[in-house]
$ cat target32.cif   # mmCIF, C-alpha atoms and all ligand atoms
data_work
#
loop_
_atom_site.group_PDB
_atom_site.id
_atom_site.type_symbol
_atom_site.label_atom_id
_atom_site.label_comp_id
_atom_site.auth_asym_id
_atom_site.auth_seq_id
_atom_site.Cartn_x
_atom_site.Cartn_y
_atom_site.Cartn_z
ATOM 1 C CA MET P 1 107.449 103.549 88.980
ATOM 2 C CA ASN P 2 107.525 100.491 91.242
ATOM 3 C CA PRO P 3 104.359 98.400 91.271
ATOM 4 C CA LYS P 4 102.288 99.343 94.283
ATOM 5 C CA VAL P 5 99.160 98.292 96.177
ATOM 6 C CA TYR P 6 97.213 100.456 98.624
ATOM 7 C CA LEU P 7 96.120 98.390 101.647
ATOM 8 C CA ILE P 8 93.118 100.344 102.884
ATOM 9 C CA GLY P 9 90.809 100.036 105.894
ATOM 10 C CA ALA P 10 87.156 100.593 104.988
ATOM 11 C CA GLY P 11 85.927 101.153 108.556
ATOM 12 C CA PRO P 12 82.899 99.380 110.036
ATOM 13 C CA GLY P 13 80.341 100.227 107.331
ATOM 14 C CA ASP P 14 79.238 103.869 107.502
ATOM 15 C CA PRO P 15 81.003 105.612 104.574
ATOM 16 C CA ASP P 16 81.391 108.744 106.712
ATOM 17 C CA LEU P 17 83.818 106.717 108.826
ATOM 18 C CA LEU P 18 86.257 106.305 105.939
ATOM 19 C CA THR P 19 89.406 108.330 106.452
ATOM 20 C CA VAL P 20 89.951 111.319 104.165
ATOM 21 C CA LYS P 21 92.990 109.538 102.712
ATOM 22 C CA ALA P 22 91.063 106.313 102.044
ATOM 23 C CA ARG P 23 88.302 108.245 100.276
ATOM 24 C CA ARG P 24 90.800 110.165 98.147
ATOM 25 C CA ILE P 25 92.610 107.014 96.990
ATOM 26 C CA LEU P 26 89.337 105.130 96.386
ATOM 27 C CA ARG P 27 88.194 107.949 94.108
ATOM 28 C CA SER P 28 91.236 107.494 91.894
ATOM 29 C CA ALA P 29 91.431 103.686 92.022
ATOM 30 C CA ASP P 30 91.490 101.565 88.848
ATOM 31 C CA VAL P 31 91.063 98.172 90.559
ATOM 32 C CA ILE P 32 89.508 97.451 93.970
ATOM 33 C CA LEU P 33 89.659 94.015 95.592
ATOM 34 C CA TYR P 34 87.238 94.106 98.496
ATOM 35 C CA ASP P 35 86.238 91.746 101.294
ATOM 36 C CA ARG P 36 82.821 90.532 102.407
ATOM 37 C CA LEU P 37 82.530 93.036 105.271
ATOM 38 C CA VAL P 38 83.044 96.104 103.083
ATOM 39 C CA SER P 39 79.655 97.821 102.849
ATOM 40 C CA PRO P 40 77.989 98.769 99.540
ATOM 41 C CA GLU P 41 77.907 102.383 100.764
ATOM 42 C CA VAL P 42 81.687 102.414 101.069
ATOM 43 C CA LEU P 43 82.065 100.941 97.577
ATOM 44 C CA ALA P 44 79.740 103.672 96.308
ATOM 45 C CA ALA P 45 82.286 106.270 97.488
ATOM 46 C CA ALA P 46 84.902 104.818 95.099
ATOM 47 C CA ASN P 47 85.615 105.625 91.455
ATOM 48 C CA PRO P 48 82.548 104.208 89.643
ATOM 49 C CA ARG P 49 84.726 103.332 86.635
ATOM 50 C CA ALA P 50 87.042 101.153 88.724
ATOM 51 C CA GLU P 51 87.071 97.402 88.305
ATOM 52 C CA PHE P 52 85.470 95.956 91.470
ATOM 53 C CA LEU P 53 86.626 92.439 92.335
ATOM 54 C CA TYR P 54 84.930 90.587 95.174
ATOM 55 C CA ALA P 55 87.451 88.709 97.297
ATOM 56 C CA GLY P 56 85.258 87.314 100.082
ATOM 57 C CA LYS P 57 86.276 83.953 101.428
ATOM 58 C CA HIS P 58 84.053 81.082 102.398
ATOM 59 C CA ALA P 59 85.023 78.157 104.592
ATOM 60 C CA GLY P 60 87.000 75.571 102.662
ATOM 61 C CA GLU P 61 88.112 77.853 99.841
ATOM 62 C CA GLN P 62 90.260 80.320 101.771
ATOM 63 C CA GLU P 63 93.595 79.206 100.371
ATOM 64 C CA ALA P 64 92.430 79.178 96.739
ATOM 65 C CA VAL P 65 90.849 82.636 97.074
ATOM 66 C CA GLN P 66 93.953 83.969 98.806
ATOM 67 C CA GLN P 67 96.084 82.730 95.898
ATOM 68 C CA TRP P 68 93.721 84.381 93.405
ATOM 69 C CA ILE P 69 93.879 87.649 95.388
ATOM 70 C CA PHE P 70 97.682 87.707 95.192
ATOM 71 C CA GLU P 71 97.631 86.983 91.477
ATOM 72 C CA GLN P 72 95.163 89.794 90.822
ATOM 73 C CA LEU P 73 96.994 92.314 93.008
ATOM 74 C CA THR P 74 100.363 91.444 91.489
ATOM 75 C CA GLU P 75 99.196 91.481 87.898
ATOM 76 C CA HIS P 76 97.270 94.769 88.078
ATOM 77 C CA ALA P 77 100.007 96.510 90.092
ATOM 78 C CA ARG P 78 102.651 95.432 87.534
ATOM 79 C CA ARG P 79 100.543 96.985 84.802
ATOM 80 C CA GLY P 80 100.862 100.307 86.622
ATOM 81 C CA ARG P 81 97.226 100.575 87.656
ATOM 82 C CA VAL P 82 96.064 102.172 90.932
ATOM 83 C CA VAL P 83 95.286 99.002 92.894
ATOM 84 C CA VAL P 84 93.428 98.962 96.218
ATOM 85 C CA ARG P 85 93.109 96.042 98.608
ATOM 86 C CA LEU P 86 90.098 97.112 100.684
ATOM 87 C CA LYS P 87 89.312 95.430 103.980
ATOM 88 C CA GLY P 88 86.632 95.975 106.610
ATOM 89 C CA GLY P 89 87.613 97.983 109.689
ATOM 90 C CA ASP P 90 91.380 98.230 109.967
ATOM 91 C CA PRO P 91 93.323 95.953 107.592
ATOM 92 C CA CYS P 92 95.739 94.823 110.284
ATOM 93 C CA VAL P 93 93.144 93.745 112.862
ATOM 94 C CA PHE P 94 92.232 90.119 112.088
ATOM 95 C CA GLY P 95 92.016 90.864 108.404
ATOM 96 C CA ARG P 96 95.172 89.067 107.253
ATOM 97 C CA GLY P 97 96.335 92.521 106.148
ATOM 98 C CA GLY P 98 99.780 92.024 107.612
ATOM 99 C CA GLU P 99 100.101 88.636 105.923
ATOM 100 C CA GLU P 100 99.085 90.028 102.519
ATOM 101 C CA TRP P 101 101.465 92.940 102.983
ATOM 102 C CA ALA P 102 104.353 90.520 103.690
ATOM 103 C CA THR P 103 103.588 88.389 100.621
ATOM 104 C CA LEU P 104 103.333 91.430 98.334
ATOM 105 C CA ARG P 105 106.688 92.692 99.615
ATOM 106 C CA GLU P 106 108.218 89.272 98.865
ATOM 107 C CA ARG P 107 106.953 89.669 95.306
ATOM 108 C CA GLY P 108 108.626 93.061 94.998
ATOM 109 C CA ILE P 109 105.427 95.079 95.280
ATOM 110 C CA GLU P 110 105.363 98.226 97.344
ATOM 111 C CA VAL P 111 102.508 98.521 99.860
ATOM 112 C CA GLU P 112 101.049 101.739 101.228
ATOM 113 C CA MET P 113 98.999 101.088 104.339
ATOM 114 C CA VAL P 114 96.004 103.320 105.047
ATOM 115 C CA PRO P 115 94.604 102.462 108.488
ATOM 116 C CA GLY P 116 90.871 102.201 109.025
ATOM 117 C CA VAL P 117 88.474 102.678 111.912
ATOM 118 C CA SER P 118 88.339 99.223 113.509
ATOM 119 C CA SER P 119 84.984 97.757 114.478
ATOM 120 C CA ALA P 120 86.685 96.517 117.657
ATOM 121 C CA ILE P 121 86.861 100.050 119.039
ATOM 122 C CA ALA P 122 84.332 102.038 117.028
ATOM 123 C CA VAL P 123 81.338 99.698 117.203
ATOM 124 C CA PRO P 124 81.127 99.495 121.017
ATOM 125 C CA GLY P 125 81.703 103.272 121.177
ATOM 126 C CA LEU P 126 78.868 103.976 118.747
ATOM 127 C CA ALA P 127 76.600 101.799 120.877
ATOM 128 C CA GLY P 128 77.423 103.867 123.977
ATOM 129 C CA ILE P 129 79.982 101.451 125.432
ATOM 130 C CA PRO P 130 83.347 103.167 126.012
ATOM 131 C CA LEU P 131 86.157 100.630 126.341
ATOM 132 C CA THR P 132 87.842 102.530 129.138
ATOM 133 C CA TYR P 133 86.248 104.742 131.771
ATOM 134 C CA ARG P 134 87.757 106.272 134.856
ATOM 135 C CA GLY P 135 87.073 104.056 137.858
ATOM 136 C CA VAL P 136 85.454 101.322 135.749
ATOM 137 C CA SER P 137 87.951 100.048 133.167
ATOM 138 C CA ARG P 138 91.606 100.798 132.574
ATOM 139 C CA SER P 139 92.446 98.013 130.148
ATOM 140 C CA PHE P 140 91.008 96.232 127.170
ATOM 141 C CA ALA P 141 91.959 93.402 124.857
ATOM 142 C CA VAL P 142 90.741 92.439 121.401
ATOM 143 C CA ILE P 143 90.574 88.683 120.878
ATOM 144 C CA THR P 144 89.422 86.417 118.086
ATOM 145 C CA GLY P 145 86.603 84.052 118.976
ATOM 146 C CA HIS P 146 87.513 81.871 116.045
ATOM 147 C CA CYS P 147 90.321 79.431 116.550
ATOM 148 C CA CYS P 148 91.024 78.792 112.741
ATOM 149 C CA GLY P 149 92.478 75.350 113.420
ATOM 150 C CA GLU P 150 95.114 76.912 115.650
ATOM 151 C CA THR P 151 95.526 75.978 119.285
ATOM 152 C CA GLU P 152 92.507 76.600 121.497
ATOM 153 C CA THR P 153 92.415 80.080 123.070
ATOM 154 C CA ASP P 154 93.510 80.052 126.697
ATOM 155 C CA TRP P 155 90.832 82.326 128.163
ATOM 156 C CA THR P 156 92.500 82.390 131.596
ATOM 157 C CA ARG P 157 95.030 84.800 130.032
ATOM 158 C CA TYR P 158 92.289 87.408 129.657
ATOM 159 C CA ALA P 159 90.448 86.870 132.940
ATOM 160 C CA GLY P 160 92.003 89.939 134.592
ATOM 161 C CA ILE P 161 91.550 92.439 131.730
ATOM 162 C CA ASP P 162 88.735 94.884 132.455
ATOM 163 C CA THR P 163 87.056 94.975 129.025
ATOM 164 C CA LEU P 164 87.222 92.145 126.497
ATOM 165 C CA ILE P 165 86.286 92.678 122.863
ATOM 166 C CA ILE P 166 85.758 89.480 120.926
ATOM 167 C CA LEU P 167 85.563 89.564 117.139
ATOM 168 C CA MET P 168 84.277 86.615 115.107
ATOM 169 C CA GLY P 169 82.793 85.282 118.330
ATOM 170 C CA VAL P 170 79.089 84.934 117.510
ATOM 171 C CA SER P 171 78.929 81.239 116.681
ATOM 172 C CA GLU P 172 81.113 80.241 119.637
ATOM 173 C CA ARG P 173 79.534 82.692 122.102
ATOM 174 C CA ALA P 174 78.218 80.114 124.599
ATOM 175 C CA ARG P 175 81.516 78.242 124.698
ATOM 176 C CA ILE P 176 83.473 81.510 125.111
ATOM 177 C CA ALA P 177 81.197 82.734 127.921
ATOM 178 C CA ARG P 178 81.536 79.377 129.721
ATOM 179 C CA ALA P 179 85.320 79.545 129.374
ATOM 180 C CA LEU P 180 85.405 83.113 130.725
ATOM 181 C CA ILE P 181 83.290 82.150 133.739
ATOM 182 C CA ALA P 182 85.504 79.106 134.338
ATOM 183 C CA ALA P 183 88.504 81.468 134.148
ATOM 184 C CA GLY P 184 87.092 83.541 137.013
ATOM 185 C CA ARG P 185 84.811 86.192 135.502
ATOM 186 C CA SER P 186 81.425 86.584 137.147
ATOM 187 C CA ALA P 187 78.371 84.994 135.530
ATOM 188 C CA ALA P 188 76.591 88.268 136.394
ATOM 189 C CA GLU P 189 79.049 90.345 134.325
ATOM 190 C CA PRO P 190 77.225 92.413 131.698
ATOM 191 C CA ALA P 191 78.029 91.788 128.045
ATOM 192 C CA ALA P 192 76.790 93.155 124.724
ATOM 193 C CA PHE P 193 76.627 92.051 121.125
ATOM 194 C CA ILE P 194 76.444 94.845 118.591
ATOM 195 C CA GLU P 195 75.348 93.562 115.200
ATOM 196 C CA ARG P 196 76.167 95.475 112.013
ATOM 197 C CA GLY P 197 77.551 98.456 113.903
ATOM 198 C CA SER P 198 77.446 101.873 112.180
ATOM 199 C CA THR P 199 74.928 100.679 109.578
ATOM 200 C CA PRO P 200 71.158 101.343 109.487
ATOM 201 C CA ASP P 201 70.667 97.729 110.698
ATOM 202 C CA GLU P 202 72.686 98.189 113.876
ATOM 203 C CA ARG P 203 71.218 96.243 116.804
ATOM 204 C CA THR P 204 72.513 95.808 120.347
ATOM 205 C CA VAL P 205 71.714 92.850 122.577
ATOM 206 C CA ILE P 206 72.591 93.076 126.275
ATOM 207 C CA ALA P 207 72.899 89.986 128.469
ATOM 208 C CA THR P 208 74.984 88.542 131.287
ATOM 209 C CA LEU P 209 77.836 86.119 130.689
ATOM 210 C CA GLY P 210 75.722 83.498 132.476
ATOM 211 C CA GLU P 211 72.828 83.945 130.030
ATOM 212 C CA ILE P 212 75.196 83.734 127.066
ATOM 213 C CA ALA P 213 76.823 80.612 128.530
ATOM 214 C CA ALA P 214 73.374 79.037 128.844
ATOM 215 C CA GLY P 215 72.708 79.606 125.140
ATOM 216 C CA ARG P 216 69.867 82.044 125.795
ATOM 217 C CA VAL P 217 71.027 84.916 123.573
ATOM 218 C CA ASN P 218 70.145 85.208 119.887
ATOM 219 C CA VAL P 219 72.596 87.124 117.722
ATOM 220 C CA GLU P 220 73.528 87.216 114.050
ATOM 221 C CA PRO P 221 77.019 87.859 112.671
ATOM 222 C CA PRO P 222 78.772 90.130 112.075
ATOM 223 C CA ALA P 223 78.720 91.359 115.642
ATOM 224 C CA VAL P 224 81.180 92.661 118.194
ATOM 225 C CA PHE P 225 80.969 90.790 121.523
ATOM 226 C CA VAL P 226 82.064 93.046 124.389
ATOM 227 C CA THR P 227 82.113 92.042 128.025
ATOM 228 C CA GLY P 228 82.936 93.977 131.187
ATOM 229 C CA GLU P 229 81.480 96.529 133.591
ATOM 230 C CA VAL P 230 81.659 99.277 130.939
ATOM 231 C CA VAL P 231 78.600 97.688 129.287
ATOM 232 C CA ARG P 232 76.497 99.176 132.128
ATOM 233 C CA LEU P 233 77.491 102.684 131.006
ATOM 234 C CA ARG P 234 75.426 102.275 127.875
ATOM 235 C CA GLN P 235 72.243 103.139 129.723
ATOM 236 C CA ARG P 236 73.775 106.358 130.937
ATOM 237 C CA LEU P 237 75.398 107.377 127.663
ATOM 238 C CA HIS P 238 73.102 106.112 124.997
ATOM 239 C CA ASP P 239 69.538 105.330 126.101
ATOM 240 C CA CYS P 240 69.148 108.844 127.390
ATOM 241 C CA SER P 241 66.815 111.426 125.963
ATOM 242 C CA CYS P 242 67.241 114.131 128.619
ATOM 243 C CA ALA P 243 70.019 116.492 127.560
ATOM 244 C CA PRO P 244 70.551 118.863 130.544
ATOM 245 C CA VAL P 245 70.769 116.251 133.329
ATOM 246 C CA ALA P 246 72.442 113.565 131.283
ATOM 247 C CA LEU P 247 74.016 111.663 134.143
ATOM 248 C CA ALA P 248 70.780 111.441 136.122
ATOM 249 C CA CYS P 249 69.008 109.214 133.621
HETATM 250 N N1 LIG P 301 89.529 94.153 110.342
HETATM 251 C C1 LIG P 301 88.210 94.189 110.936
HETATM 252 C C2 LIG P 301 87.886 92.920 111.678
HETATM 253 C C3 LIG P 301 87.870 91.679 110.798
HETATM 254 S S1 LIG P 301 87.321 90.263 111.670
HETATM 255 C C4 LIG P 301 88.110 95.418 111.841
HETATM 256 O O1 LIG P 301 89.111 96.044 112.181
HETATM 257 O O2 LIG P 301 86.973 95.780 112.189
HETATM 258 C C5 LIG P 301 85.599 90.286 111.319
HETATM 259 C C6 LIG P 301 84.804 90.546 112.593
HETATM 260 O O3 LIG P 301 84.790 91.943 112.879
HETATM 261 C C7 LIG P 301 83.346 90.164 112.514
HETATM 262 O O4 LIG P 301 83.160 88.788 112.744
HETATM 263 C C8 LIG P 301 82.761 90.990 113.631
HETATM 264 O O5 LIG P 301 83.067 90.432 114.886
HETATM 265 C C9 LIG P 301 83.561 92.278 113.494
HETATM 266 N N2 LIG P 301 82.885 93.314 112.687
HETATM 267 C C10 LIG P 301 83.372 93.902 111.582
HETATM 268 N N3 LIG P 301 82.536 94.879 111.153
HETATM 269 C C11 LIG P 301 81.508 94.911 112.020
HETATM 270 C C12 LIG P 301 80.339 95.700 112.153
HETATM 271 N N4 LIG P 301 80.048 96.684 111.285
HETATM 272 N N5 LIG P 301 79.509 95.456 113.185
HETATM 273 C C13 LIG P 301 79.780 94.486 114.070
HETATM 274 N N6 LIG P 301 80.871 93.702 114.006
HETATM 275 C C14 LIG P 301 81.735 93.914 113.014
#
$ encode --input "target32.cif" --output "structure tokens" --more "lines below"
Ligand code: SAH
Amino acid sequence: MNPKVYLIGAGPGDPDLLTVKARRILRSADVILYDRLVSPEVLAAANPRAEFLYAGKHAGEQEAVQQWIFEQLTEHARRGRVVVRLKGGDPCVFGRGGEEWATLRERGIEVEMVPGVSSAIAVPGLAGIPLTYRGVSRSFAVITGHCCGETETDWTRYAGIDTLIILMGVSERARIARALIAAGRSAAEPAAFIERGSTPDERTVIATLGEIAAGRVNVEPPAVFVTGEVVRLRQRLHDCSCAPVALAC
């Protein structure tokens, strides 16, 4: 059998949001290399006899850890073990999943991709913020708030998209909000940060872009930053205790 690695999305944290396929493979895994955002509850759904290898990266050591990850994946896969590369959310949304997949293929290792529920879409939804809504939003974009030494994001490109979802945007939130306002979005536009979505510690902070730009909003990572008129729907969909006349409250 060819050496193989399963590239699996762990979802946003709640183990019930793992796909059936992810859960099945995790139960039979021999080796699991997991990232920082994979929750302990998700790891608890895996084969308890598996070898669990933490592959979280800290600033400054990314390249060394990435090298170590490839060595581990390659070595264990060549020994014929059931090897899982487990990443938060969906592996191919800002998780370097595609890049790892390409490198493994170059090394002659087969990759089976198992998509996951991405925090970009699921976390706002769980908080009562649908990304599209008839008459309110017909487009959305998912953007990184982290520029990783690459060229600065040109926020004018996103000014006309109804709903913007920014991942890894907590530390740069004031700068991003200022750039969005400068690009033509209203300072009164509602925005939300949802911290630790789908976990028992989930917390939502609502503010305007202007307040965020002024540095008046306290948030802790990991959080999804979502901005657009759909944020107003939260009150209607989520903060509502009256079942029969849902839309009136
Ligand atoms: N591949 C992941 C995203 C990786 S980038 C996915 O599809 O979800 C990491 C960023 O995702 C974090 O900085 C944060 O913005 C977001 N994130 C991931 N899990 C989250 C969660 N449970 N709650 C809030 N934000 C989350």
$ resolve_selection --input "target32.cif" --expression "the PyMOL selection byres (((not hetatm)) within 6 of (chain P and resi 301))" --output "list in words"
Pro12, Gly13, Gly88, Gly89, Asp90, Pro91, Val93, Phe94, Gly95, Ser118, Ser119, Ala120, Leu167, Met168, Ile194, Glu195, Arg196, Gly197, Ser198, Pro222, Ala223 and Val224 of chain P
$ residues_around --input "target32.cif" --residues "Met1 in chain P" --least-positions-apart "3" --cutoff "12 Å" --atoms "all atoms listed in the file" --output "ChimeraX atom specification"
/P:4,77-82,109-110
$ resolve_selection --input "target32.cif" --expression "the PyMOL selection byres (((chain P and resi 56-60) around 12) and not hetatm)" --output "PyMOL selection string"
chain P and resi 33-38+53-55+61-69+85-88+95-96+148-149
$ closest_residue --input "target32.cif" --among "P:Glu152, P:Glu106, P:Glu229, P:Glu100" --to "Thr208 in chain P" --atoms "all atoms listed in the file"
P:Glu229
$ residues_around --input "target32.cif" --residues "Ala213 in chain P" --least-positions-apart "6" --cutoff "9 Å" --atoms "all atoms listed in the file" --output "list in words"
Arg173, Ala174, Arg175, Ile176, Ala177, Arg178, Ala179, Ile181 and Ala187 of chain P
$ resolve_selection --input "target32.cif" --expression "the PyMOL selection byres (((chain P and resi 23) around 10) and not hetatm)" --output "ChimeraX atom specification"
/P:8,10,15-22,24-29,42-43,45-47
$ axis_aligned_box --input "target32.cif" --around "range 180-195 of chain P" --padding-each-side "4 Å" --output "lines of an AutoDock Vina configuration file"
center_x = 81.9
center_y = 87.0
center_z = 126.2
size_x = 21.2
size_y = 23.7
size_z = 29.9
$ atom_distance --input "target32.cif" --atom1 "CA of Val217 in chain P" --atom2 "CA of Ala182 in chain P"
19.0 Å
$ residues_around --input "target32.cif" --residues "Val142 in chain P" --least-positions-apart "4" --cutoff "7 Å" --atoms "all atoms listed in the file" --output "JSON list (two decimals) with C-alpha atoms, in the frame of the given file"
[["chain", "number", "residue", "atom", "x", "y", "z"],
["P", 120, "ALA", "CA", 86.68, 96.52, 117.66],
["P", 164, "LEU", "CA", 87.22, 92.14, 126.50],
["P", 165, "ILE", "CA", 86.29, 92.68, 122.86],
["P", 166, "ILE", "CA", 85.76, 89.48, 120.93]]
$ atom_distance --input "target32.cif" --atom1 "CA of Glu202 in chain P" --atom2 "CA of Ala127 in chain P"
8.8 Å
$ closest_residue --input "target32.cif" --among "P:Ala214, P:Val170, P:Leu131, P:Val205" --to "Val230 in chain P" --atoms "all atoms listed in the file"
P:Leu131
$ closest_residue --input "target32.cif" --among "P:Ser186, P:Ile143, P:His238, P:Gly108" --to "Phe225 in chain P" --atoms "only C-alpha atoms"
P:Ile143
$ closest_residue --input "target32.cif" --among "P:Val5, P:Ala207, P:Ala102, P:Val123" --to "Arg232 in chain P" --atoms "all atoms listed in the file"
P:Ala207
$ residues_around --input "target32.cif" --residues "Arg185 in chain P" --least-positions-apart "6" --cutoff "9 Å" --atoms "only C-alpha atoms" --output "number ranges by chain"
P: 159-160, 209
$ closest_atom_pairs --input "target32.cif" --of "range 108-153 of chain P" --to "range 233-236 of chain P" --cutoff "9 Å" --atoms "all atoms listed in the file" --output "tab-separated table"
residue	atom	partner	partner_atom	distance
P:Ala127	CA	P:Arg234	CA	7.1
P:Gly128	CA	P:Arg234	CA	4.7
P:Ile129	CA	P:Arg234	CA	5.2
P:Pro130	CA	P:Leu233	CA	7.7
$ atom_distance --input "target32.cif" --atom1 "CA of Arg216 in chain P" --atom2 "CA of Arg203 in chain P"
16.9 Å
$ residues_around --input "target32.cif" --residues "Thr156 in chain P" --least-positions-apart "5" --cutoff "8 Å" --atoms "all atoms listed in the file" --output "PyMOL selection string"
chain P and resi 180+183-184
